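Structure file data23.txt; described as compact mmCIF, C-alpha atoms and all ligand atoms.
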```txt
# COMPACT_ATOMS: atom_id res chain seq x y z
CA MET A 774 -38.54 -47.32 149.22
CA ARG A 775 -34.77 -47.69 149.22
CA VAL A 776 -33.41 -50.26 151.65
CA VAL A 777 -29.74 -49.93 150.88
CA ILE A 778 -27.94 -47.40 148.78
CA SER A 779 -25.05 -49.20 147.17
CA GLY A 780 -22.14 -46.99 146.16
CA ASP A 781 -22.54 -43.25 146.52
CA SER A 782 -25.19 -42.67 143.87
CA THR A 783 -28.43 -41.02 144.87
CA LEU A 784 -29.85 -41.41 141.35
CA PRO A 785 -32.64 -43.94 140.88
CA ARG A 786 -31.23 -47.37 140.18
CA VAL A 787 -32.36 -48.81 136.82
CA LEU A 788 -32.05 -52.42 135.64
CA SER A 789 -33.19 -54.08 132.44
CA GLY A 790 -32.16 -56.91 130.15
CA ILE A 791 -32.63 -58.35 126.69
CA GLN A 792 -32.35 -61.96 125.54
CA PRO A 793 -29.79 -62.78 122.86
CA THR A 794 -32.24 -65.14 121.17
CA GLY A 795 -32.88 -64.24 117.55
CA GLU A 796 -32.61 -60.91 115.84
CA PRO A 797 -33.52 -57.77 117.80
CA HIS A 798 -36.45 -55.90 116.31
CA LEU A 799 -38.36 -52.65 116.27
CA GLY A 800 -40.53 -53.75 119.22
CA ASN A 801 -37.40 -54.16 121.38
CA LEU A 802 -36.16 -50.74 120.28
CA LEU A 803 -39.40 -48.84 120.84
CA GLY A 804 -40.66 -50.76 123.87
CA ALA A 805 -37.38 -50.95 125.77
CA LEU A 806 -34.04 -49.89 124.31
CA ARG A 807 -34.88 -46.25 123.62
CA TYR A 808 -35.89 -45.90 127.31
CA TRP A 809 -32.62 -47.50 128.34
CA VAL A 810 -30.75 -44.85 126.37
CA GLU A 811 -32.90 -42.02 127.78
CA ASP A 812 -32.57 -43.28 131.37
CA GLN A 813 -28.80 -43.67 131.32
CA SER A 814 -28.20 -39.96 131.93
CA ARG A 815 -30.75 -39.67 134.72
CA GLY A 816 -30.29 -42.94 136.57
CA ASP A 817 -27.64 -45.30 137.87
CA CYS A 818 -28.27 -47.85 135.13
CA PHE A 819 -27.38 -51.53 134.82
CA TYR A 820 -28.24 -53.19 131.51
CA CYS A 821 -27.55 -56.79 130.66
CA VAL A 822 -27.74 -59.29 127.86
CA VAL A 823 -29.65 -62.04 129.65
CA ASP A 824 -27.83 -64.96 128.12
CA LEU A 825 -28.98 -67.40 130.84
CA HIS A 826 -32.59 -66.70 129.88
CA GLY A 827 -31.64 -67.67 126.34
CA LEU A 828 -31.03 -71.24 127.58
CA THR A 829 -34.76 -71.75 128.14
CA VAL A 830 -35.09 -72.50 124.43
CA ALA A 831 -33.02 -74.81 122.20
CA GLY A 832 -30.00 -73.32 120.42
CA ASP A 833 -26.56 -74.01 119.05
CA ALA A 834 -23.63 -73.23 121.41
CA SER A 835 -21.46 -71.32 118.94
CA GLU A 836 -24.45 -69.36 117.65
CA ARG A 837 -25.27 -68.46 121.25
CA ARG A 838 -21.77 -67.06 121.83
CA THR A 839 -21.98 -64.93 118.70
CA ALA A 840 -25.51 -63.78 119.51
CA SER A 841 -24.52 -62.49 122.96
CA ILE A 842 -21.66 -60.42 121.56
CA THR A 843 -23.81 -59.21 118.68
CA MET A 844 -26.51 -58.10 121.11
CA ALA A 845 -24.02 -56.25 123.32
CA THR A 846 -22.61 -54.53 120.22
CA LEU A 847 -26.10 -53.57 119.10
CA LEU A 848 -26.86 -52.05 122.51
CA LEU A 849 -23.78 -49.86 122.18
CA ALA A 850 -24.81 -48.97 118.62
CA ALA A 851 -28.30 -48.06 119.85
CA GLY A 852 -26.74 -45.46 122.14
CA LEU A 853 -25.71 -47.03 125.44
CA ASP A 854 -22.63 -45.25 126.70
CA PRO A 855 -20.39 -47.42 128.93
CA ASP A 856 -19.02 -44.25 130.53
CA VAL A 857 -22.42 -43.53 132.06
CA CYS A 858 -24.11 -46.94 132.38
CA THR A 859 -23.04 -50.50 133.19
CA LEU A 860 -23.40 -53.04 130.38
CA PHE A 861 -22.65 -56.71 131.04
CA LEU A 862 -23.56 -60.31 130.28
CA GLN A 863 -25.84 -61.91 132.86
CA SER A 864 -23.75 -65.10 133.06
CA HIS A 865 -20.69 -63.04 134.09
CA VAL A 866 -22.39 -62.27 137.41
CA PRO A 867 -22.95 -65.52 139.37
CA ALA A 868 -25.18 -63.79 141.92
CA HIS A 869 -28.04 -63.80 139.39
CA SER A 870 -28.28 -67.61 139.41
CA GLN A 871 -27.61 -67.84 143.15
CA LEU A 872 -30.34 -65.36 144.00
CA ALA A 873 -32.67 -67.09 141.52
CA TRP A 874 -32.64 -70.13 143.83
CA ILE A 875 -33.69 -67.94 146.74
CA MET A 876 -36.51 -66.63 144.53
CA GLU A 877 -37.55 -70.17 143.56
CA CYS A 878 -37.81 -70.93 147.26
CA THR A 879 -39.94 -67.80 147.73
CA ALA A 880 -42.32 -68.25 144.78
CA SER A 881 -45.11 -70.80 144.73
CA TYR A 882 -45.78 -73.38 142.03
CA GLY A 883 -49.27 -71.89 141.65
CA GLU A 884 -48.08 -68.39 140.87
CA LEU A 885 -45.51 -69.57 138.32
CA SER A 886 -48.21 -71.72 136.67
CA ARG A 887 -50.27 -68.57 136.11
CA MET A 888 -47.60 -66.80 134.03
CA THR A 889 -49.19 -66.24 130.61
CA GLN A 890 -45.87 -66.29 128.75
CA PHE A 891 -45.17 -69.79 130.05
CA LYS A 892 -48.69 -70.91 129.14
CA ASP A 893 -48.39 -69.45 125.60
CA LYS A 894 -45.00 -71.00 124.97
CA THR A 895 -45.92 -74.42 126.33
CA ALA A 896 -49.13 -74.35 124.31
CA LYS A 897 -46.94 -74.18 121.19
CA GLY A 898 -44.33 -76.82 122.07
CA GLY A 899 -46.25 -78.98 124.57
CA GLU A 900 -45.85 -78.99 128.35
CA GLN A 901 -43.95 -82.30 128.44
CA ALA A 902 -41.22 -80.97 126.16
CA SER A 903 -40.89 -77.57 127.88
CA ARG A 904 -37.75 -76.94 129.84
CA VAL A 905 -38.10 -76.48 133.58
CA GLY A 906 -36.08 -73.28 133.09
CA LEU A 907 -38.92 -71.86 131.04
CA PHE A 908 -41.20 -72.43 134.02
CA THR A 909 -38.83 -70.91 136.59
CA TYR A 910 -37.60 -68.13 134.29
CA PRO A 911 -39.62 -65.43 136.15
CA CYS A 912 -37.66 -66.28 139.32
CA LEU A 913 -34.38 -65.66 137.51
CA MET A 914 -35.83 -62.42 136.16
CA ALA A 915 -36.84 -61.38 139.68
CA ALA A 916 -33.29 -62.14 140.82
CA ASP A 917 -31.86 -60.05 137.94
CA ILE A 918 -33.86 -57.07 139.16
CA LEU A 919 -33.61 -57.47 142.93
CA ALA A 920 -29.84 -58.07 142.83
CA TYR A 921 -29.38 -54.41 141.85
CA ASP A 922 -31.82 -52.76 144.28
CA ALA A 923 -33.52 -51.49 141.14
CA ASP A 924 -36.08 -48.73 141.61
CA ARG A 925 -37.12 -48.67 137.92
CA VAL A 926 -37.32 -51.45 135.36
CA PRO A 927 -37.96 -50.20 131.80
CA VAL A 928 -39.64 -53.03 129.87
CA GLY A 929 -42.30 -53.61 127.23
CA ASP A 930 -45.86 -54.39 128.24
CA ASP A 931 -45.32 -58.16 127.73
CA GLN A 932 -43.17 -58.18 130.87
CA ARG A 933 -45.80 -56.58 133.11
CA GLN A 934 -46.83 -59.86 134.76
CA HIS A 935 -43.22 -60.90 135.45
CA LEU A 936 -42.54 -57.51 136.98
CA GLU A 937 -45.57 -57.88 139.25
CA LEU A 938 -44.22 -61.23 140.36
CA ALA A 939 -40.80 -59.70 141.12
CA ARG A 940 -42.54 -57.10 143.30
CA ASP A 941 -44.60 -59.77 145.07
CA LEU A 942 -41.52 -61.88 145.74
CA ALA A 943 -39.57 -58.91 147.10
CA GLN A 944 -42.44 -57.96 149.40
CA ARG A 945 -42.98 -61.53 150.58
CA PHE A 946 -39.29 -62.00 151.31
CA ASN A 947 -39.10 -58.67 153.15
CA THR A 948 -42.15 -59.56 155.26
CA THR A 949 -40.77 -62.98 156.13
CA TYR A 950 -37.11 -62.16 156.73
CA GLY A 951 -36.98 -58.39 157.25
CA ASP A 952 -36.27 -55.56 154.79
CA THR A 953 -33.75 -56.90 152.32
CA PHE A 954 -34.87 -56.02 148.78
CA VAL A 955 -35.96 -52.82 147.12
CA VAL A 956 -39.45 -53.29 145.67
CA PRO A 957 -39.06 -52.26 142.00
CA GLU A 958 -41.44 -50.24 139.83
CA ALA A 959 -42.11 -51.22 136.22
CA ALA A 960 -41.47 -48.39 133.74
CA ILE A 961 -43.70 -49.25 130.80
CA ALA A 962 -44.49 -46.88 127.93
CA PRO A 963 -48.06 -45.57 128.04
CA PRO A 964 -50.55 -47.43 125.80
CA GLY A 965 -50.20 -46.34 122.19
CA ARG A 966 -46.56 -45.26 122.66
CA GLY A 967 -44.61 -48.40 121.79
CA ALA A 968 -45.36 -50.53 124.86
CA ARG A 969 -46.49 -53.41 122.65
CA ILE A 970 -45.56 -53.27 118.97
CA MET A 971 -47.42 -55.94 117.04
CA ASN A 972 -46.36 -58.31 114.26
CA LEU A 973 -47.05 -56.58 110.91
CA GLN A 974 -48.47 -59.78 109.39
CA ASP A 975 -50.45 -60.80 112.48
CA PRO A 976 -51.26 -57.64 114.42
CA THR A 977 -52.99 -59.62 117.15
CA ARG A 978 -49.61 -61.00 118.27
CA LYS A 979 -46.65 -59.01 119.53
CA MET A 980 -43.56 -58.55 117.40
CA SER A 981 -41.11 -61.06 118.83
CA LYS A 982 -37.62 -62.43 118.14
CA THR A 983 -38.80 -66.02 118.41
CA THR A 984 -41.72 -65.90 116.01
CA ASP A 985 -43.23 -68.17 113.42
CA ASN A 986 -44.19 -65.11 111.32
CA PRO A 987 -40.85 -63.39 110.49
CA GLY A 988 -42.37 -61.45 107.58
CA GLY A 989 -44.11 -59.28 110.15
CA VAL A 990 -41.00 -58.55 112.23
CA VAL A 991 -38.88 -55.50 111.38
CA GLY A 992 -35.41 -56.69 112.35
CA LEU A 993 -32.89 -54.07 113.36
CA PHE A 994 -30.41 -55.74 110.99
CA ASP A 995 -32.82 -55.90 108.03
CA SER A 996 -31.70 -54.09 104.87
CA PRO A 997 -33.50 -50.80 104.11
CA GLY A 998 -35.18 -52.53 101.16
CA ASP A 999 -36.50 -55.35 103.37
CA ILE A 1000 -37.76 -52.90 105.97
CA GLU A 1001 -39.66 -50.93 103.31
CA ARG A 1002 -41.08 -54.13 101.83
CA LYS A 1003 -42.24 -55.50 105.19
CA ILE A 1004 -43.98 -52.25 106.07
CA LYS A 1005 -45.56 -51.96 102.62
CA ARG A 1006 -46.97 -55.48 102.99
CA ALA A 1007 -48.25 -54.89 106.53
CA VAL A 1008 -51.76 -56.26 107.04
CA THR A 1009 -54.42 -53.54 107.28
CA ASP A 1010 -58.11 -54.10 106.41
CA THR A 1011 -60.55 -53.58 103.59
CA GLU A 1012 -62.57 -50.70 105.01
CA ALA A 1013 -62.48 -47.70 102.66
CA GLY A 1014 -63.90 -44.19 102.51
CA PRO A 1015 -63.84 -41.22 104.89
CA GLY A 1016 -62.97 -42.15 108.47
CA ALA A 1017 -61.61 -45.59 107.53
CA LEU A 1018 -58.12 -44.68 108.58
CA ARG A 1019 -58.44 -44.36 112.36
CA TYR A 1020 -56.92 -45.66 115.57
CA ASP A 1021 -58.90 -48.52 117.04
CA ARG A 1022 -56.86 -51.38 118.49
CA GLU A 1023 -59.85 -53.70 118.79
CA THR A 1024 -61.41 -53.51 115.33
CA LYS A 1025 -58.47 -52.20 113.28
CA PRO A 1026 -55.34 -53.79 114.79
CA GLY A 1027 -53.17 -53.54 111.65
CA VAL A 1028 -53.75 -49.85 110.93
CA SER A 1029 -53.59 -49.03 114.64
CA ASN A 1030 -50.18 -50.71 114.90
CA LEU A 1031 -48.85 -48.60 112.01
CA LEU A 1032 -50.28 -45.41 113.55
CA GLU A 1033 -48.70 -46.35 116.85
CA LEU A 1034 -45.35 -46.97 115.21
CA LEU A 1035 -45.36 -43.59 113.51
CA GLY A 1036 -46.70 -41.79 116.58
CA THR A 1037 -44.04 -43.36 118.80
CA LEU A 1038 -41.28 -42.37 116.40
CA ARG A 1039 -42.62 -38.81 116.05
CA GLY A 1040 -43.55 -38.31 119.70
CA ASN A 1041 -47.29 -38.03 118.93
CA ASP A 1042 -50.29 -40.03 119.99
CA PRO A 1043 -51.71 -42.37 117.32
CA GLU A 1044 -55.12 -40.65 117.19
CA THR A 1045 -53.43 -37.38 116.20
CA VAL A 1046 -51.26 -39.10 113.58
CA ALA A 1047 -54.40 -40.61 111.99
CA LEU A 1048 -55.78 -37.13 111.26
CA ASP A 1049 -53.06 -36.57 108.63
CA TYR A 1050 -53.95 -39.61 106.50
CA THR A 1051 -56.74 -40.87 104.29
CA ARG A 1052 -54.81 -43.57 102.37
CA TYR A 1053 -53.10 -46.63 103.82
CA GLY A 1054 -50.34 -46.40 101.21
CA ASP A 1055 -49.32 -42.88 102.30
CA LEU A 1056 -49.29 -43.95 105.95
CA LYS A 1057 -47.08 -46.95 105.16
CA ALA A 1058 -44.63 -44.83 103.15
CA ASP A 1059 -44.22 -42.42 106.09
CA VAL A 1060 -43.89 -45.26 108.61
CA ALA A 1061 -41.12 -46.78 106.46
CA SER A 1062 -39.15 -43.56 106.21
CA ALA A 1063 -39.54 -42.80 109.95
CA VAL A 1064 -38.33 -46.33 110.80
CA LEU A 1065 -35.34 -46.05 108.44
CA GLU A 1066 -34.42 -42.71 109.98
CA VAL A 1067 -33.81 -44.37 113.35
CA VAL A 1068 -32.62 -47.78 112.21
CA GLU A 1069 -30.04 -46.82 109.59
CA PRO A 1070 -27.80 -44.81 111.97
CA ILE A 1071 -27.90 -47.73 114.44
CA GLN A 1072 -26.82 -50.11 111.66
CA GLN A 1073 -24.02 -47.74 110.66
CA ARG A 1074 -22.72 -47.55 114.26
CA PHE A 1075 -23.08 -51.31 114.61
CA ARG A 1076 -20.79 -51.83 111.59
CA GLU A 1077 -18.21 -49.45 113.07
CA ILE A 1078 -18.22 -50.93 116.59
CA SER A 1079 -18.09 -54.48 115.20
CA LYS A 1080 -14.67 -53.70 113.71
CA ASP A 1081 -13.30 -53.45 117.25
CA PRO A 1082 -14.29 -56.62 119.19
CA ASP A 1083 -11.65 -55.85 121.85
CA TYR A 1084 -13.54 -52.68 122.71
CA VAL A 1085 -16.76 -54.65 123.21
CA ALA A 1086 -14.91 -57.25 125.31
CA ASP A 1087 -13.43 -54.45 127.48
CA VAL A 1088 -16.85 -52.88 128.00
CA LEU A 1089 -18.31 -56.23 129.09
CA ARG A 1090 -15.37 -57.04 131.36
CA SER A 1091 -15.55 -53.75 133.15
CA GLY A 1092 -19.37 -53.92 133.25
CA ALA A 1093 -19.18 -57.34 134.91
CA ARG A 1094 -16.77 -55.99 137.54
CA SER A 1095 -19.15 -53.19 138.53
CA ALA A 1096 -22.22 -55.44 138.37
CA ASN A 1097 -20.56 -58.15 140.49
CA LYS A 1098 -19.80 -55.68 143.27
CA VAL A 1099 -23.42 -54.61 143.60
CA ALA A 1100 -25.07 -58.00 143.03
CA SER A 1101 -22.79 -59.98 145.33
CA ALA A 1102 -23.46 -57.53 148.18
CA THR A 1103 -27.22 -58.03 147.72
CA LEU A 1104 -26.76 -61.79 147.62
CA ARG A 1105 -24.84 -61.73 150.91
CA ARG A 1106 -27.65 -59.70 152.45
CA ALA A 1107 -30.25 -62.19 151.24
CA TYR A 1108 -28.21 -65.22 152.40
CA ARG A 1109 -27.81 -63.68 155.83
CA ALA A 1110 -31.52 -62.82 155.99
CA VAL A 1111 -32.65 -66.41 155.30
CA GLY A 1112 -30.15 -67.83 157.77
CA LEU A 1113 -27.35 -69.21 155.62
CA VAL A 1114 -24.01 -69.16 157.41
CA ALA A 1115 -21.43 -66.91 155.79
CA ALA A 1116 -18.50 -68.83 154.34
CA GLY A 1117 -15.69 -68.69 156.90
CA GLY A 1118 -18.06 -67.09 159.41
CA THR A 1119 -18.32 -68.36 162.96
CA ASP A 1120 -21.32 -66.35 164.11
CA ALA A 1121 -23.72 -69.32 164.02
CA ILE A 1122 -21.28 -71.86 165.47
CA ARG A 1123 -21.38 -70.61 169.03
CA TRP A 1124 -23.63 -73.01 170.89
N1 LIG B 1201 -43.29 -56.25 120.52
C1 LIG B 1201 -42.75 -55.55 121.51
N2 LIG B 1201 -43.16 -54.29 121.76
C2 LIG B 1201 -42.61 -53.57 122.78
N3 LIG B 1201 -41.62 -54.06 123.59
C3 LIG B 1201 -41.19 -55.30 123.37
N4 LIG B 1201 -40.25 -56.08 123.95
C4 LIG B 1201 -40.20 -57.27 123.33
N5 LIG B 1201 -41.08 -57.32 122.34
C5 LIG B 1201 -41.73 -56.12 122.32
C6 LIG B 1201 -39.42 -55.65 125.08
O1 LIG B 1201 -38.06 -55.78 124.69
C7 LIG B 1201 -37.27 -56.13 125.84
C8 LIG B 1201 -36.43 -57.36 125.51
O2 LIG B 1201 -37.31 -58.48 125.43
P1 LIG B 1201 -36.96 -59.93 124.99
O3 LIG B 1201 -35.51 -60.13 124.94
O4 LIG B 1201 -37.78 -60.88 125.80
O5 LIG B 1201 -37.53 -59.85 123.49
P2 LIG B 1201 -38.58 -60.65 122.66
O6 LIG B 1201 -38.63 -60.04 121.33
O7 LIG B 1201 -39.86 -60.78 123.41
O8 LIG B 1201 -37.79 -61.98 122.53
P3 LIG B 1201 -38.21 -63.43 122.49
O9 LIG B 1201 -36.93 -64.20 122.51
O10 LIG B 1201 -39.16 -63.68 121.38
O11 LIG B 1201 -38.91 -63.58 123.85
P4 LIG B 1201 -40.36 -63.90 124.25
O12 LIG B 1201 -40.95 -64.76 123.18
O13 LIG B 1201 -40.10 -64.60 125.54
O14 LIG B 1201 -41.11 -62.62 124.45
C9 LIG B 1201 -38.26 -56.38 126.97
O15 LIG B 1201 -38.32 -55.23 127.79
C10 LIG B 1201 -39.56 -56.60 126.26
O16 LIG B 1201 -40.67 -56.24 127.06
```
Go through the file and emit its structure as structure tokens.
Amino acid sequence: MRVVISGDSTLPRVLSGIQPTGEPHLGNLLGALRYWVEDQSRGDCFYCVVDLHGLTVAGDASERRTASITMATLLLAAGLDPDVCTLFLQSHVPAHSQLAWIMECTASYGELSRMTQFKDKTAKGGEQASRVGLFTYPCLMAADILAYDADRVPVGDDQRQHLELARDLAQRFNTTYGDTFVVPEAAIAPPGRGARIMNLQDPTRKMSKTTDNPGGVVGLFDSPGDIERKIKRAVTDTEAGPGALRYDRETKPGVSNLLELLGTLRGNDPETVALDYTRYGDLKADVASAVLEVVEPIQQRFREISKDPDYVADVLRSGARSANKVASATLRRAYRAVGLVAAGGTDAIRW
């Protein structure tokens, strides 16, 4: 369903974002960024560094500034082309926060309490110490998406529940106030193809920027030596003999994660990849070289683009201009739908 076609594009509208918290990793690349790059030539794509989401956890102000610029530079290095997609910082488009309030007044306390990411994170730090922003974060994420009339949202599997919520909120709002938002579809890689890359040291947990097990996270800025070392030390299991090396997420999470990594990078399913190996060491060596093959060129481009911070600033400035046009129009639509009086408008003052 497309309620409003903003601009003259008939291509599907795509929106996604990444937090500038911590170092980006292989899970981000395989679960999300490579789809962003693929989609940019076949969609009208808006990609943002979701710096406001980064405020849900503690952090140093000057490190935050650097991290946002570093992330934007990395996205360009990973292949985003500002001539064909729109790249911007979330905080440069005020409509995200304004629409988030509308979403908070659409969502219920009960449904936000059911978000597993919130439950996991508060279990670690304690509910009393958790920021309210961590609780309401899915409303801001819904606003990010709905502000752009996004048809497709390429994300990793960990965002599935938040995406469902965004769809529910859009539908609820539309039912209550009339068709206003496009109901977005999640675009998640099929199982076994990078949708959820796991931590190499704890393959029952996803690879994540904010982790307490960094030895199992392949950072996109890690040196080639570190990447090889981390993959070589990846946890597998002690089963040996014919048939030991096979894809089975439940009973062999470590090996399955490695097979999935290699399969995703080679465009194969993990079961097929397993047929080529009998020894864990050989599998790890091939995973390491396949990872380096994609990561090293990104690092090289990152070094080049970083030499020209004015270029990155220009990209973000022009991205924010385009993003503001689309998002502020959606916000006006939503404000009108709920009955807020337009600034300077007199339509509601005739009694
Ligand atoms: N392990 C992963 N496998 C596949 N996709 C993943 N994504 C994240 N981790 C994996 C996807 O990457 C995009 C950006 O997500 P993010 O900024 O939330 O990244 P993160 O690594 O999850 O970062 P944090 O700061 O540690 O966040 P939390 O702890 O909140 O998850 C998304 O599309 C995500 O699905």
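Distance annotation: of A:Phe994, A:Phe861, A:Tyr1084, A:Tyr910, the residue with the minimal separation from ligand LIG 1201 (chain B) is A:Tyr910; atom set is all atoms listed in the file.
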At a cut-off of 7 Å, using all atoms listed in the file, what residues contact A:Leu862? Leave out same-chain residues fewer than 4 positions from it and give the result as number ranges by chain. A: 821-824, 1089
Please report the interatomic distance between atom CA of A:Ser1079 and atom CA of A:Ile970 in Å with one decimal. 27.8 Å
Go through the chains and note each residue within 6 Å of ligand LIG 1201 (chain B), using only C-alpha atoms and all ligand atoms, then give the set as a PDB file with C-alpha atoms, in the frame of the given file.
```
ATOM      1  CA  ILE A 791     -32.630 -58.350 126.690  1.00  0.00           C
ATOM      2  CA  GLN A 792     -32.350 -61.960 125.540  1.00  0.00           C
ATOM      3  CA  THR A 794     -32.240 -65.140 121.170  1.00  0.00           C
ATOM      4  CA  GLY A 800     -40.530 -53.750 119.220  1.00  0.00           C
ATOM      5  CA  ASN A 801     -37.400 -54.160 121.380  1.00  0.00           C
ATOM      6  CA  GLY A 804     -40.660 -50.760 123.870  1.00  0.00           C
ATOM      7  CA  ALA A 805     -37.380 -50.950 125.770  1.00  0.00           C
ATOM      8  CA  VAL A 928     -39.640 -53.030 129.870  1.00  0.00           C
ATOM      9  CA  GLY A 929     -42.300 -53.610 127.230  1.00  0.00           C
ATOM     10  CA  ASP A 930     -45.860 -54.390 128.240  1.00  0.00           C
ATOM     11  CA  ASP A 931     -45.320 -58.160 127.730  1.00  0.00           C
ATOM     12  CA  GLN A 932     -43.170 -58.180 130.870  1.00  0.00           C
ATOM     13  CA  GLY A 967     -44.610 -48.400 121.790  1.00  0.00           C
ATOM     14  CA  ALA A 968     -45.360 -50.530 124.860  1.00  0.00           C
ATOM     15  CA  ARG A 969     -46.490 -53.410 122.650  1.00  0.00           C
ATOM     16  CA  ILE A 970     -45.560 -53.270 118.970  1.00  0.00           C
ATOM     17  CA  MET A 971     -47.420 -55.940 117.040  1.00  0.00           C
ATOM     18  CA  LYS A 979     -46.650 -59.010 119.530  1.00  0.00           C
ATOM     19  CA  MET A 980     -43.560 -58.550 117.400  1.00  0.00           C
ATOM     20  CA  SER A 981     -41.110 -61.060 118.830  1.00  0.00           C
ATOM     21  CA  LYS A 982     -37.620 -62.430 118.140  1.00  0.00           C
ATOM     22  CA  THR A 983     -38.800 -66.020 118.410  1.00  0.00           C
TER      23      THR A 983
END
```
Just want the 12 Å neighbourhood of A:Cys878, counted on all atoms listed in the file, with same-chain residues fewer than 5 positions away dropped. Output as a PyMOL selection string. chain A and resi 871-873+885+909+912-913+916+942+945-946+1111
Give the answer as one residue: which of A:Ile1004, A:Ala850, A:Leu1032, A:Ala880 has the shortest atom-to-atom distance to A:Thr1045, using all atoms listed in the file?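 When distances to A:Thr1045 are compared using all atoms listed in the file, the smallest one comes from A:Leu1032.
Our summary of the geometry notes that atom CA of A:Leu1113 is positioned 14.9 Å from atom CA of A:Ala868.
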Minimum-distance residue to A:Val857, chosen among A:Ala845, A:Ala939, A:Val810, A:Ile1078 (using all atoms listed in the file): A:Val810
In Å, with one decimal, what is the gap from atom CA of A:Val1088 to atom CA of A:Pro855?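 Atom CA of A:Val1088 sits 6.6 Å away from atom CA of A:Pro855.
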Would you mind listing what lies within 8 Å of A:Ala960 as number ranges by chain, with only C-alpha atoms counted and same-chain residues fewer than 3 positions away left out? A: 925-928
Restricting to all atoms listed in the file, whichever of A:Ile1071, A:Ala1096, A:Val1114, A:Ala896 is closest to A:Leu802 is A:Ile1071
With distances taken over all atoms listed in the file, which of A:Ser1091, A:Leu803, A:Asp922, A:Glu1001 is nearest to A:His865?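 Closest to A:His865 of all the choices is A:Ser1091.
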Here is a test: counting only C-alpha atoms, which residue of A:Gln901, A:Thr949, A:Thr1009, A:Ser996 is nearest to A:Ser1029?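 Residue with the minimum atom-to-atom distance to A:Ser1029: A:Thr1009.
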Who sits within 8 Å of A:Ala943, all atoms listed in the file, same chain under 2 positions skipped, as a list in words: Leu919, Ala939, Arg940, Asp941, Arg945, Phe946, Asn947, Phe954, Val955 and Val956 of chain A
Output C-alpha atoms of each residue in that selection to a file, as an mmCIF file, in the frame of the given file.
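That gives us out38.cif:
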```cif
data_model
loop_
_atom_site.group_PDB
_atom_site.id
_atom_site.type_symbol
_atom_site.label_atom_id
_atom_site.label_comp_id
_atom_site.auth_asym_id
_atom_site.auth_seq_id
_atom_site.Cartn_x
_atom_site.Cartn_y
_atom_site.Cartn_z
ATOM 1 C CA LEU A 919 -33.610 -57.470 142.930
ATOM 2 C CA ALA A 939 -40.800 -59.700 141.120
ATOM 3 C CA ARG A 940 -42.540 -57.100 143.300
ATOM 4 C CA ASP A 941 -44.600 -59.770 145.070
ATOM 5 C CA ARG A 945 -42.980 -61.530 150.580
ATOM 6 C CA PHE A 946 -39.290 -62.000 151.310
ATOM 7 C CA ASN A 947 -39.100 -58.670 153.150
ATOM 8 C CA PHE A 954 -34.870 -56.020 148.780
ATOM 9 C CA VAL A 955 -35.960 -52.820 147.120
ATOM 10 C CA VAL A 956 -39.450 -53.290 145.670
#
```
Mind completing stretch 1062-1073 of chain A with N, CA and C atoms? Output as an mmCIF file, keeping the file's coordinate frame, please?
```cif
data_model
loop_
_atom_site.group_PDB
_atom_site.id
_atom_site.type_symbol
_atom_site.label_atom_id
_atom_site.label_comp_id
_atom_site.auth_asym_id
_atom_site.auth_seq_id
_atom_site.Cartn_x
_atom_site.Cartn_y
_atom_site.Cartn_z
ATOM 1 N N SER A 1062 -40.274 -44.505 106.141
ATOM 2 C CA SER A 1062 -39.150 -43.560 106.210
ATOM 3 C C SER A 1062 -38.823 -43.181 107.657
ATOM 4 N N ALA A 1063 -39.839 -43.119 108.532
ATOM 5 C CA ALA A 1063 -39.540 -42.800 109.950
ATOM 6 C C ALA A 1063 -38.735 -43.940 110.594
ATOM 7 N N VAL A 1064 -39.064 -45.182 110.221
ATOM 8 C CA VAL A 1064 -38.330 -46.330 110.800
ATOM 9 C C VAL A 1064 -36.870 -46.294 110.303
ATOM 10 N N LEU A 1065 -36.707 -46.060 108.993
ATOM 11 C CA LEU A 1065 -35.340 -46.050 108.440
ATOM 12 C C LEU A 1065 -34.505 -44.946 109.072
ATOM 13 N N GLU A 1066 -35.150 -43.834 109.370
ATOM 14 C CA GLU A 1066 -34.420 -42.710 109.980
ATOM 15 C C GLU A 1066 -33.785 -43.087 111.317
ATOM 16 N N VAL A 1067 -34.442 -43.972 112.081
ATOM 17 C CA VAL A 1067 -33.810 -44.370 113.350
ATOM 18 C C VAL A 1067 -32.943 -45.615 113.195
ATOM 19 N N VAL A 1068 -33.328 -46.497 112.284
ATOM 20 C CA VAL A 1068 -32.620 -47.780 112.210
ATOM 21 C C VAL A 1068 -31.287 -47.658 111.450
ATOM 22 N N GLU A 1069 -31.277 -46.882 110.389
ATOM 23 C CA GLU A 1069 -30.040 -46.820 109.590
ATOM 24 C C GLU A 1069 -28.827 -46.305 110.378
ATOM 25 N N PRO A 1070 -28.980 -45.233 111.188
ATOM 26 C CA PRO A 1070 -27.800 -44.810 111.970
ATOM 27 C C PRO A 1070 -27.338 -45.887 112.963
ATOM 28 N N ILE A 1071 -28.288 -46.650 113.501
ATOM 29 C CA ILE A 1071 -27.900 -47.730 114.440
ATOM 30 C C ILE A 1071 -27.080 -48.779 113.667
ATOM 31 N N GLN A 1072 -27.544 -49.102 112.457
ATOM 32 C CA GLN A 1072 -26.820 -50.110 111.660
ATOM 33 C C GLN A 1072 -25.417 -49.616 111.315
ATOM 34 N N GLN A 1073 -25.323 -48.329 111.002
ATOM 35 C CA GLN A 1073 -24.020 -47.740 110.660
ATOM 36 C C GLN A 1073 -23.062 -47.854 111.853
#
```
